[in-house]
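To be precise, the following lines are structure-v4.cif, and they hold mmCIF, C-alpha atoms and all ligand atoms.
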data_work
loop_
_atom_site.group_PDB
_atom_site.id
_atom_site.type_symbol
_atom_site.label_atom_id
_atom_site.label_comp_id
_atom_site.auth_asym_id
_atom_site.auth_seq_id
_atom_site.Cartn_x
_atom_site.Cartn_y
_atom_site.Cartn_z
ATOM 1 C CA MET D 1 114.200 126.281 143.376
ATOM 2 C CA LEU D 2 112.273 128.744 141.225
ATOM 3 C CA PRO D 3 110.565 127.251 138.180
ATOM 4 C CA THR D 4 112.423 129.609 135.850
ATOM 5 C CA ARG D 5 115.775 128.510 137.212
ATOM 6 C CA SER D 6 114.829 124.956 137.912
ATOM 7 C CA THR D 7 116.665 121.644 137.720
ATOM 8 C CA PRO D 8 118.829 120.975 134.679
ATOM 9 C CA TYR D 9 116.406 118.235 133.591
ATOM 10 C CA ALA D 10 114.018 120.864 132.264
ATOM 11 C CA ALA D 11 110.936 119.061 133.487
ATOM 12 C CA GLY D 12 109.845 122.408 134.952
ATOM 13 C CA THR D 13 107.617 120.592 137.393
ATOM 14 C CA ALA D 14 110.019 120.015 140.278
ATOM 15 C CA ARG D 15 108.686 121.602 143.458
ATOM 16 C CA PRO D 16 111.055 123.210 145.967
ATOM 17 C CA VAL D 17 112.155 120.665 148.567
ATOM 18 C CA THR D 18 115.235 122.204 150.173
ATOM 19 C CA PRO D 19 115.567 125.158 152.608
ATOM 20 C CA VAL D 20 117.186 127.375 149.964
ATOM 21 C CA SER D 21 114.694 126.584 147.215
ATOM 22 C CA ILE D 22 111.743 127.041 149.575
ATOM 23 C CA ALA D 23 113.108 130.420 150.754
ATOM 24 C CA ALA D 24 113.695 131.404 147.105
ATOM 25 C CA ARG D 25 110.054 130.673 146.294
ATOM 26 C CA HIS D 26 108.816 132.710 149.282
ATOM 27 C CA LEU D 27 111.024 135.646 148.313
ATOM 28 C CA ALA D 28 110.050 135.486 144.646
ATOM 29 C CA ARG D 29 106.372 135.651 145.570
ATOM 30 C CA LEU D 30 106.983 138.599 147.906
ATOM 31 C CA VAL D 31 108.884 140.483 145.197
ATOM 32 C CA GLU D 32 106.104 139.745 142.722
ATOM 33 C CA GLN D 33 103.463 141.066 145.126
ATOM 34 C CA ALA D 34 105.545 144.108 146.054
ATOM 35 C CA GLU D 35 106.108 144.968 142.373
ATOM 36 C CA ALA D 36 102.392 144.614 141.725
ATOM 37 C CA GLY D 37 101.745 147.007 144.604
ATOM 38 C CA SER D 38 99.700 144.508 146.593
ATOM 39 C CA VAL D 39 101.954 144.405 149.668
ATOM 40 C CA GLY D 40 101.424 147.976 150.761
ATOM 41 C CA SER D 41 101.346 151.349 149.043
ATOM 42 C CA ASP D 42 103.907 152.829 151.443
ATOM 43 C CA LEU D 43 106.552 150.268 150.466
ATOM 44 C CA GLY D 44 109.741 152.194 149.732
ATOM 45 C CA GLN D 45 111.971 151.563 146.708
ATOM 46 C CA GLU D 46 114.900 150.871 149.024
ATOM 47 C CA TRP D 47 112.944 148.168 150.843
ATOM 48 C CA LEU D 48 111.853 146.625 147.544
ATOM 49 C CA GLN D 49 115.436 146.590 146.261
ATOM 50 C CA GLU D 50 116.567 144.845 149.440
ATOM 51 C CA LEU D 51 113.877 142.244 148.915
ATOM 52 C CA ARG D 52 115.013 141.737 145.290
ATOM 53 C CA ASP D 53 118.626 141.382 146.467
ATOM 54 C CA CYS D 54 117.588 138.693 148.969
ATOM 55 C CA ARG D 55 115.639 136.870 146.259
ATOM 56 C CA ASP D 56 118.554 136.960 143.826
ATOM 57 C CA LEU D 57 121.047 135.881 146.489
ATOM 58 C CA VAL D 58 118.979 132.877 147.482
ATOM 59 C CA ALA D 59 117.552 131.961 144.060
ATOM 60 C CA GLY D 60 120.956 132.173 142.391
ATOM 61 C CA LEU D 61 122.783 129.816 144.745
ATOM 62 C CA ASP D 62 121.660 126.407 143.449
ATOM 63 C CA PRO D 63 122.040 127.292 139.742
ATOM 64 C CA TYR D 64 125.535 128.651 140.500
ATOM 65 C CA LEU D 65 126.487 125.444 142.326
ATOM 66 C CA GLU D 66 125.301 123.524 139.260
ATOM 67 C CA ARG D 67 127.427 125.655 136.941
ATOM 68 C CA CYS D 68 130.572 125.375 139.081
ATOM 69 C CA THR D 69 130.364 121.612 139.613
ATOM 70 C CA THR D 70 131.802 119.073 137.166
ATOM 71 C CA PRO D 71 128.965 118.092 134.809
ATOM 72 C CA GLU D 72 127.237 114.786 135.344
ATOM 73 C CA SER D 73 127.887 111.913 132.945
ATOM 74 C CA ALA D 74 125.590 111.273 129.981
ATOM 75 C CA ASP D 75 124.357 108.118 131.776
ATOM 76 C CA LEU D 76 123.386 110.061 134.924
ATOM 77 C CA ARG D 77 121.705 112.727 132.836
ATOM 78 C CA ALA D 78 119.728 110.050 130.977
ATOM 79 C CA LEU D 79 118.700 108.446 134.279
ATOM 80 C CA ALA D 80 117.498 111.784 135.648
ATOM 81 C CA ARG D 81 115.542 112.454 132.454
ATOM 82 C CA ARG D 82 113.967 109.005 132.566
ATOM 83 C CA THR D 83 112.940 109.686 136.198
ATOM 84 C CA ALA D 84 111.440 113.063 135.239
ATOM 85 C CA GLU D 85 109.368 111.391 132.512
ATOM 86 C CA VAL D 86 107.636 108.953 134.887
ATOM 87 C CA ASP D 87 104.039 109.782 135.821
ATOM 88 C CA TRP D 88 104.633 109.611 139.572
ATOM 89 C CA ALA D 89 101.206 110.946 140.499
ATOM 90 C CA GLY D 90 99.437 108.253 138.464
ATOM 91 C CA GLY D 91 101.829 105.322 138.988
ATOM 92 C CA PRO D 92 101.918 102.508 141.539
ATOM 93 C CA GLY D 93 103.944 104.586 144.028
ATOM 94 C CA ALA D 94 101.548 107.566 143.933
ATOM 95 C CA GLY D 95 101.495 109.392 147.244
ATOM 96 C CA TYR D 96 104.916 108.342 148.471
ATOM 97 C CA LEU D 97 107.237 108.263 145.454
ATOM 98 C CA GLU D 98 108.050 111.464 143.554
ATOM 99 C CA GLN D 99 110.610 112.836 141.127
ATOM 100 C CA GLU D 100 112.063 115.144 143.791
ATOM 101 C CA MET D 101 113.472 112.119 145.655
ATOM 102 C CA LEU D 102 116.330 111.988 143.169
ATOM 103 C CA SER D 103 119.495 113.504 144.662
ATOM 104 C CA GLY D 104 120.803 114.977 141.419
ATOM 105 C CA HIS D 105 123.865 116.530 139.884
ATOM 106 C CA VAL D 106 125.647 118.439 142.690
ATOM 107 C CA GLU D 107 124.961 115.953 145.471
ATOM 108 C CA GLY D 108 125.818 113.093 143.119
ATOM 109 C CA GLN D 109 129.155 114.770 142.398
ATOM 110 C CA LEU D 110 129.808 115.210 146.133
ATOM 111 C CA LEU D 111 129.133 111.493 146.686
ATOM 112 C CA LYS D 112 131.492 110.653 143.827
ATOM 113 C CA MET D 113 134.128 112.882 145.399
ATOM 114 C CA LEU D 114 133.672 111.151 148.777
ATOM 115 C CA VAL D 115 134.090 107.747 147.139
ATOM 116 C CA HIS D 116 137.370 108.974 145.610
ATOM 117 C CA LEU D 117 138.609 110.622 148.826
ATOM 118 C CA THR D 118 137.876 107.582 150.990
ATOM 119 C CA ARG D 119 139.229 105.252 148.284
ATOM 120 C CA ALA D 120 136.104 103.241 148.836
ATOM 121 C CA GLU D 121 135.799 99.863 147.163
ATOM 122 C CA ARG D 122 132.582 98.716 148.789
ATOM 123 C CA VAL D 123 129.602 101.074 148.998
ATOM 124 C CA LEU D 124 126.226 100.452 150.635
ATOM 125 C CA GLU D 125 123.193 102.534 149.725
ATOM 126 C CA ILE D 126 120.045 102.470 151.859
ATOM 127 C CA GLY D 127 117.256 103.892 149.666
ATOM 128 C CA MET D 128 118.069 103.675 145.946
ATOM 129 C CA PHE D 129 114.939 105.070 144.205
ATOM 130 C CA THR D 130 115.660 105.089 140.432
ATOM 131 C CA GLY D 131 119.402 104.649 140.970
ATOM 132 C CA TYR D 132 120.905 108.137 140.515
ATOM 133 C CA SER D 133 123.169 108.191 143.589
ATOM 134 C CA ALA D 134 123.985 104.479 143.236
ATOM 135 C CA LEU D 135 125.183 105.048 139.663
ATOM 136 C CA ALA D 136 127.042 108.230 140.627
ATOM 137 C CA MET D 137 128.986 106.352 143.304
ATOM 138 C CA ALA D 138 129.552 103.390 140.966
ATOM 139 C CA GLU D 139 131.122 105.762 138.438
ATOM 140 C CA ALA D 140 133.710 106.767 141.036
ATOM 141 C CA LEU D 141 134.681 103.184 141.927
ATOM 142 C CA GLY D 142 137.583 101.233 140.458
ATOM 143 C CA PRO D 143 136.927 98.230 138.202
ATOM 144 C CA ASP D 144 136.469 95.848 141.169
ATOM 145 C CA GLY D 145 134.368 98.253 143.246
ATOM 146 C CA ARG D 146 130.801 97.383 144.133
ATOM 147 C CA VAL D 147 127.659 99.215 145.298
ATOM 148 C CA VAL D 148 124.996 97.238 147.159
ATOM 149 C CA ALA D 149 121.788 99.276 146.805
ATOM 150 C CA CYS D 150 118.769 98.584 149.064
ATOM 151 C CA GLU D 151 115.297 99.504 147.852
ATOM 152 C CA ILE D 152 111.920 98.448 149.211
ATOM 153 C CA ASP D 153 109.842 99.309 146.151
ATOM 154 C CA GLU D 154 109.841 96.911 143.201
ATOM 155 C CA TYR D 155 108.455 99.546 140.773
ATOM 156 C CA VAL D 156 111.366 101.978 141.213
ATOM 157 C CA ALA D 157 113.843 99.106 141.456
ATOM 158 C CA ALA D 158 112.718 98.005 137.976
ATOM 159 C CA ILE D 159 113.302 101.514 136.572
ATOM 160 C CA ALA D 160 116.717 101.599 138.246
ATOM 161 C CA ARG D 161 117.694 98.197 136.840
ATOM 162 C CA GLU D 162 116.691 99.328 133.336
ATOM 163 C CA CYS D 163 118.784 102.534 133.623
ATOM 164 C CA LEU D 164 121.753 100.756 135.207
ATOM 165 C CA ALA D 165 121.732 98.112 132.464
ATOM 166 C CA SER D 166 122.026 100.762 129.777
ATOM 167 C CA SER D 167 124.882 102.609 131.515
ATOM 168 C CA ALA D 168 128.619 102.003 131.373
ATOM 169 C CA GLU D 169 129.170 101.515 135.127
ATOM 170 C CA GLY D 170 125.793 100.134 136.217
ATOM 171 C CA HIS D 171 127.143 96.553 136.339
ATOM 172 C CA LYS D 172 128.889 97.520 139.601
ATOM 173 C CA VAL D 173 125.527 98.039 141.339
ATOM 174 C CA SER D 174 123.791 95.089 142.948
ATOM 175 C CA VAL D 175 120.134 95.864 143.708
ATOM 176 C CA ARG D 176 118.553 94.274 146.805
ATOM 177 C CA VAL D 177 114.790 94.653 146.981
ATOM 178 C CA GLY D 178 113.165 94.451 150.416
ATOM 179 C CA PRO D 179 113.126 96.315 153.733
ATOM 180 C CA ALA D 180 116.650 97.664 154.212
ATOM 181 C CA LEU D 181 116.932 96.403 157.796
ATOM 182 C CA ASP D 182 116.462 92.814 156.551
ATOM 183 C CA THR D 183 119.108 93.334 153.874
ATOM 184 C CA LEU D 184 121.521 94.836 156.434
ATOM 185 C CA ALA D 185 121.083 91.763 158.654
ATOM 186 C CA GLU D 186 121.772 89.465 155.670
ATOM 187 C CA LEU D 187 124.872 91.451 154.695
ATOM 188 C CA ALA D 188 126.166 91.291 158.278
ATOM 189 C CA ARG D 189 125.583 87.522 158.438
ATOM 190 C CA ALA D 190 127.619 87.222 155.242
ATOM 191 C CA GLY D 191 130.442 89.183 156.944
ATOM 192 C CA GLN D 192 130.271 92.103 154.513
ATOM 193 C CA ARG D 193 131.729 95.502 155.330
ATOM 194 C CA PHE D 194 131.484 98.830 153.563
ATOM 195 C CA ASP D 195 133.789 101.811 153.171
ATOM 196 C CA LEU D 196 130.978 104.248 152.468
ATOM 197 C CA VAL D 197 127.338 103.953 153.495
ATOM 198 C CA PHE D 198 124.776 106.366 152.030
ATOM 199 C CA VAL D 199 121.519 106.548 154.000
ATOM 200 C CA ASP D 200 118.625 108.013 151.974
ATOM 201 C CA ALA D 201 115.498 105.957 152.744
ATOM 202 C CA ASP D 202 112.505 106.426 155.089
ATOM 203 C CA LYS D 203 113.358 109.187 157.566
ATOM 204 C CA ALA D 204 111.763 107.373 160.525
ATOM 205 C CA GLY D 205 114.232 104.547 159.937
ATOM 206 C CA TYR D 206 117.414 106.665 160.037
ATOM 207 C CA THR D 207 118.300 106.091 163.701
ATOM 208 C CA GLY D 208 117.774 102.356 163.239
ATOM 209 C CA TYR D 209 119.942 102.282 160.097
ATOM 210 C CA LEU D 210 122.863 104.067 161.745
ATOM 211 C CA ASN D 211 122.646 101.908 164.869
ATOM 212 C CA THR D 212 122.442 98.721 162.794
ATOM 213 C CA VAL D 213 125.409 99.716 160.635
ATOM 214 C CA LEU D 214 127.489 100.392 163.767
ATOM 215 C CA GLU D 215 126.262 97.504 165.903
ATOM 216 C CA LEU D 216 126.443 94.832 163.179
ATOM 217 C CA ASP D 217 129.913 96.029 162.222
ATOM 218 C CA LEU D 218 128.974 96.831 158.636
ATOM 219 C CA LEU D 219 131.361 99.791 158.502
ATOM 220 C CA SER D 220 135.009 99.209 157.650
ATOM 221 C CA PRO D 221 137.578 100.768 160.035
ATOM 222 C CA HIS D 222 138.009 103.967 158.032
ATOM 223 C CA GLY D 223 134.500 103.993 156.672
ATOM 224 C CA VAL D 224 132.100 106.948 156.557
ATOM 225 C CA VAL D 225 128.327 107.131 156.715
ATOM 226 C CA CYS D 226 126.625 109.891 154.704
ATOM 227 C CA VAL D 227 123.047 110.665 155.677
ATOM 228 C CA ASP D 228 120.795 112.647 153.351
ATOM 229 C CA ASN D 229 118.038 115.208 154.097
ATOM 230 C CA THR D 230 119.288 116.066 157.571
ATOM 231 C CA LEU D 231 118.039 119.652 157.090
ATOM 232 C CA LEU D 232 114.600 118.347 156.027
ATOM 233 C CA GLN D 233 113.417 121.606 154.457
ATOM 234 C CA GLY D 234 114.536 123.518 157.563
ATOM 235 C CA GLN D 235 111.970 121.850 159.808
ATOM 236 C CA PRO D 236 114.435 120.733 162.533
ATOM 237 C CA TYR D 237 115.370 124.371 163.300
ATOM 238 C CA LEU D 238 112.158 126.232 162.428
ATOM 239 C CA ASP D 239 109.363 127.049 164.847
ATOM 240 C CA GLY D 240 106.067 125.458 164.056
ATOM 241 C CA PRO D 241 104.867 121.892 164.068
ATOM 242 C CA PRO D 242 107.146 119.639 161.994
ATOM 243 C CA THR D 243 105.865 116.858 159.762
ATOM 244 C CA SER D 244 106.547 113.292 160.910
ATOM 245 C CA ASN D 245 109.645 113.286 158.676
ATOM 246 C CA GLY D 246 110.777 116.616 160.157
ATOM 247 C CA GLU D 247 110.358 115.231 163.661
ATOM 248 C CA ALA D 248 112.223 112.012 162.754
ATOM 249 C CA ILE D 249 115.164 114.009 161.387
ATOM 250 C CA ALA D 250 115.197 116.332 164.419
ATOM 251 C CA VAL D 251 115.398 113.279 166.695
ATOM 252 C CA PHE D 252 118.062 111.646 164.503
ATOM 253 C CA ASN D 253 120.210 114.814 164.481
ATOM 254 C CA ARG D 254 119.937 115.150 168.286
ATOM 255 C CA GLU D 255 120.892 111.529 168.845
ATOM 256 C CA VAL D 256 123.861 111.676 166.485
ATOM 257 C CA ALA D 257 125.054 114.893 168.171
ATOM 258 C CA ARG D 258 125.273 113.130 171.540
ATOM 259 C CA ASP D 259 126.445 109.714 170.322
ATOM 260 C CA PRO D 260 129.970 109.143 171.707
ATOM 261 C CA ARG D 261 130.708 106.503 169.053
ATOM 262 C CA VAL D 262 130.842 109.011 166.212
ATOM 263 C CA GLU D 263 131.841 112.473 165.077
ATOM 264 C CA GLN D 264 129.952 114.252 162.349
ATOM 265 C CA VAL D 265 129.455 117.378 160.254
ATOM 266 C CA LEU D 266 126.204 118.540 158.705
ATOM 267 C CA VAL D 267 127.011 119.900 155.235
ATOM 268 C CA PRO D 268 124.267 122.348 154.130
ATOM 269 C CA LEU D 269 124.245 121.104 150.560
ATOM 270 C CA ARG D 270 120.784 120.734 149.009
ATOM 271 C CA ASP D 271 118.588 119.354 151.830
ATOM 272 C CA GLY D 272 121.565 118.667 154.126
ATOM 273 C CA LEU D 273 124.071 115.810 154.150
ATOM 274 C CA THR D 274 125.563 114.640 157.447
ATOM 275 C CA VAL D 275 128.941 112.929 157.135
ATOM 276 C CA ILE D 276 129.723 110.624 160.047
ATOM 277 C CA ARG D 277 132.770 108.614 161.071
ATOM 278 C CA ARG D 278 133.339 106.236 163.921
ATOM 279 C CA VAL D 279 135.701 107.383 166.680
ATOM 280 C CA ASP D 280 135.281 104.690 169.327
ATOM 281 C CA ARG D 281 137.712 102.132 167.923
HETATM 282 C C1 LIG S 1 114.857 109.677 148.677
HETATM 283 S S1 LIG S 1 114.639 108.191 147.830
HETATM 284 C C2 LIG S 1 116.299 107.714 147.455
HETATM 285 C C3 LIG S 1 116.930 108.594 146.418
HETATM 286 C C4 LIG S 1 118.193 108.037 145.832
HETATM 287 N N1 LIG S 1 119.185 107.784 146.835
HETATM 288 C C5 LIG S 1 118.730 109.020 144.805
HETATM 289 O O1 LIG S 1 119.657 109.752 145.087
HETATM 290 O O2 LIG S 1 118.173 109.098 143.715
HETATM 291 C C6 LIG S 1 114.199 107.087 149.120
HETATM 292 C C7 LIG S 1 113.977 105.657 148.650
HETATM 293 O O3 LIG S 1 113.990 104.824 149.828
HETATM 294 C C8 LIG S 1 113.081 103.775 149.624
HETATM 295 N N2 LIG S 1 112.737 103.188 150.927
HETATM 296 C C9 LIG S 1 111.842 103.652 151.830
HETATM 297 N N3 LIG S 1 111.784 102.842 152.884
HETATM 298 C C10 LIG S 1 112.668 101.842 152.665
HETATM 299 C C11 LIG S 1 113.066 100.697 153.408
HETATM 300 N N4 LIG S 1 112.534 100.406 154.597
HETATM 301 N N5 LIG S 1 114.002 99.890 152.874
HETATM 302 C C12 LIG S 1 114.557 100.169 151.663
HETATM 303 N N6 LIG S 1 114.217 101.244 150.912
HETATM 304 C C13 LIG S 1 113.293 102.066 151.407
HETATM 305 C C14 LIG S 1 111.911 104.432 148.899
HETATM 306 O O4 LIG S 1 111.113 103.484 148.231
HETATM 307 C C15 LIG S 1 112.626 105.422 147.981
HETATM 308 O O5 LIG S 1 112.819 104.868 146.699
#

Would it be possible to restate this file's structure as structure tokens?
Amino acid sequence: MLPTRSTPYAAGTARPVTPVSIAARHLARLVEQAEAGSVGSDLGQEWLQELRDCRDLVAGLDPYLERCTTPESADLRALARRTAEVDWAGGPGAGYLEQEMLSGHVEGQLLKMLVHLTRAERVLEIGMFTGYSALAMAEALGPDGRVVACEIDEYVAAIARECLASSAEGHKVSVRVGPALDTLAELARAGQRFDLVFVDADKAGYTGYLNTVLELDLLSPHGVVCVDNTLLQGQPYLDGPPTSNGEAIAVFNREVARDPRVEQVLVPLRDGLTVIRRVDR
């Protein structure tokens, strides 16, 4: 997303991490250079206008989605602000934790909508970070609904606990700190099942998480699995060497596409959300 039309949390520091926001940044730079005359003196006005149109089309999409989506609650907004205030570059998670991990308003609202549509009562989150998506889903649950949120990092889990404790619906979230695969095994041993599973942790672990959820019978009969970042900044479909995360997502997407146990749709919202349901029973 362009800095001038950035996230609603006004930090102004968020870097583009989705295909649309990355394309918007490329186009904005091209327009800037073209207007300054540094792209080529023979550049026609018609060509420049087309470039501006492309920039506006792409750069305007995310802000428009924000405006047309039901606003987030005051608690979610506070949690996002608290996350934006953390010094990620200088903190204990420097190098692997960053503000941009937070899913945010529109995706949070989609998750809430999915909780409503599936009438979910039990939600499992794999990769909680500071708790935005966990709290969003908790807000959509009935009074007896529960979210079990897995997080490996104690530092972000502490921030999440603090934000959840000061929110109206945070008491529905139970935080489990440790490697998610261990927590999944414990939940399966306890006979727990979930109506909605949101996978948003380490990308290299995605295939393992889906297989574990299916094989250990953690998904209730009408349950759905939602998997985040399945567009991974466009890397799975772009030429050029992908990062290790891009490669992991490309492999995950290929395996899901040929897995006879499930059917799925990749929704191109933000950095891609694949919604999966079981069809083999
Ligand atoms: C993209 S963030 C999650 C964002 C969160 N769902 C939200 O919407 O705000 C990914 C999180 O997964 C956590 N994580 C990474 N590997 C993990 C693992 N093996 N088990 C549990 N959590 C893990 C990271 O520490 C990080 O906080």

Answer key for the PyMOL selection byres (((not hetatm)) within 8 of (chain S and resi 1)), residues as a ChimeraX atom specification:
/D:96-97,100-104,108,125-134,150-153,156-157,177-181,198-202,205

Counting only C-alpha atoms, figure out which residue out of D:Val58, D:Val147, D:Leu124, D:Cys163 gets nearest to Leu184 (chain D).
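Selected residue with least distance to Leu184 (chain D): D:Leu124.
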
Quick one: everything within 7 Å of Asn245 (chain D), counting all atoms listed in the file, minus sequence neighbours fewer than 3 positions away in the same chain. Send it as a PyMOL selection string.
chain D and resi 203-204+248-249

Would you export the selected residues with C-alpha atoms as an mmCIF file, in the coordinates of the input, please?
data_model
loop_
_atom_site.group_PDB
_atom_site.id
_atom_site.type_symbol
_atom_site.label_atom_id
_atom_site.label_comp_id
_atom_site.auth_asym_id
_atom_site.auth_seq_id
_atom_site.Cartn_x
_atom_site.Cartn_y
_atom_site.Cartn_z
ATOM 1 C CA LYS D 203 113.358 109.187 157.566
ATOM 2 C CA ALA D 204 111.763 107.373 160.525
ATOM 3 C CA ALA D 248 112.223 112.012 162.754
ATOM 4 C CA ILE D 249 115.164 114.009 161.387
#

Give me the result of the PyMOL selection byres (((chain D and resi 30) around 12) and not hetatm) on this file, residue by residue, as a list in words.
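Checked against the file, the PyMOL selection byres (((chain D and resi 30) around 12) and not hetatm) matches Ala23, Ala24, Arg25, His26, Leu27, Ala28, Arg29, Val31, Glu32, Gln33, Ala34, Glu35, Ala36, Gly37, Ser38, Val39, Gly40, Leu43, Trp47, Leu48, Gln49, Glu50, Leu51, Arg52, Cys54 and Arg55 of chain D.
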
Would you kindly return, as a VMD selection string, each protein, DNA or RNA residue with an atom no farther than 12 Å from any atom of Asp62 (chain D), considering only C-alpha atoms and excluding same-chain residues fewer than 2 positions away?
chain D and resid 1 to 2 5 to 8 16 18 to 24 56 to 60 64 to 69 104 to 107 268 to 271

Suppose a student applies the PyMOL selection byres (((chain D and resi 279) around 9) and not hetatm) to this structure; what residues should they get, written as a PDB file with C-alpha atoms, in the frame of the given file?
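Saved the output as expr-v1.pdb:
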ATOM      1  CA  PRO D 260     129.970 109.143 171.707  1.00  0.00           C
ATOM      2  CA  ARG D 261     130.708 106.503 169.053  1.00  0.00           C
ATOM      3  CA  VAL D 262     130.842 109.011 166.212  1.00  0.00           C
ATOM      4  CA  GLU D 263     131.841 112.473 165.077  1.00  0.00           C
ATOM      5  CA  ARG D 277     132.770 108.614 161.071  1.00  0.00           C
ATOM      6  CA  ARG D 278     133.339 106.236 163.921  1.00  0.00           C
ATOM      7  CA  ASP D 280     135.281 104.690 169.327  1.00  0.00           C
ATOM      8  CA  ARG D 281     137.712 102.132 167.923  1.00  0.00           C
TER       9      ARG D 281
END

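Nearest residue to Ala78 (chain D) among D:Leu216, D:Ala168, D:Ala250, D:Val224 is D:Ala168, counting all atoms listed in the file.
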
I'd like to know which of D:Gln233, D:Gln109, D:Thr70, D:Thr83 is closest to Ile159 (chain D), using only C-alpha atoms.
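The answer is D:Thr83, which sits nearest to Ile159 (chain D).
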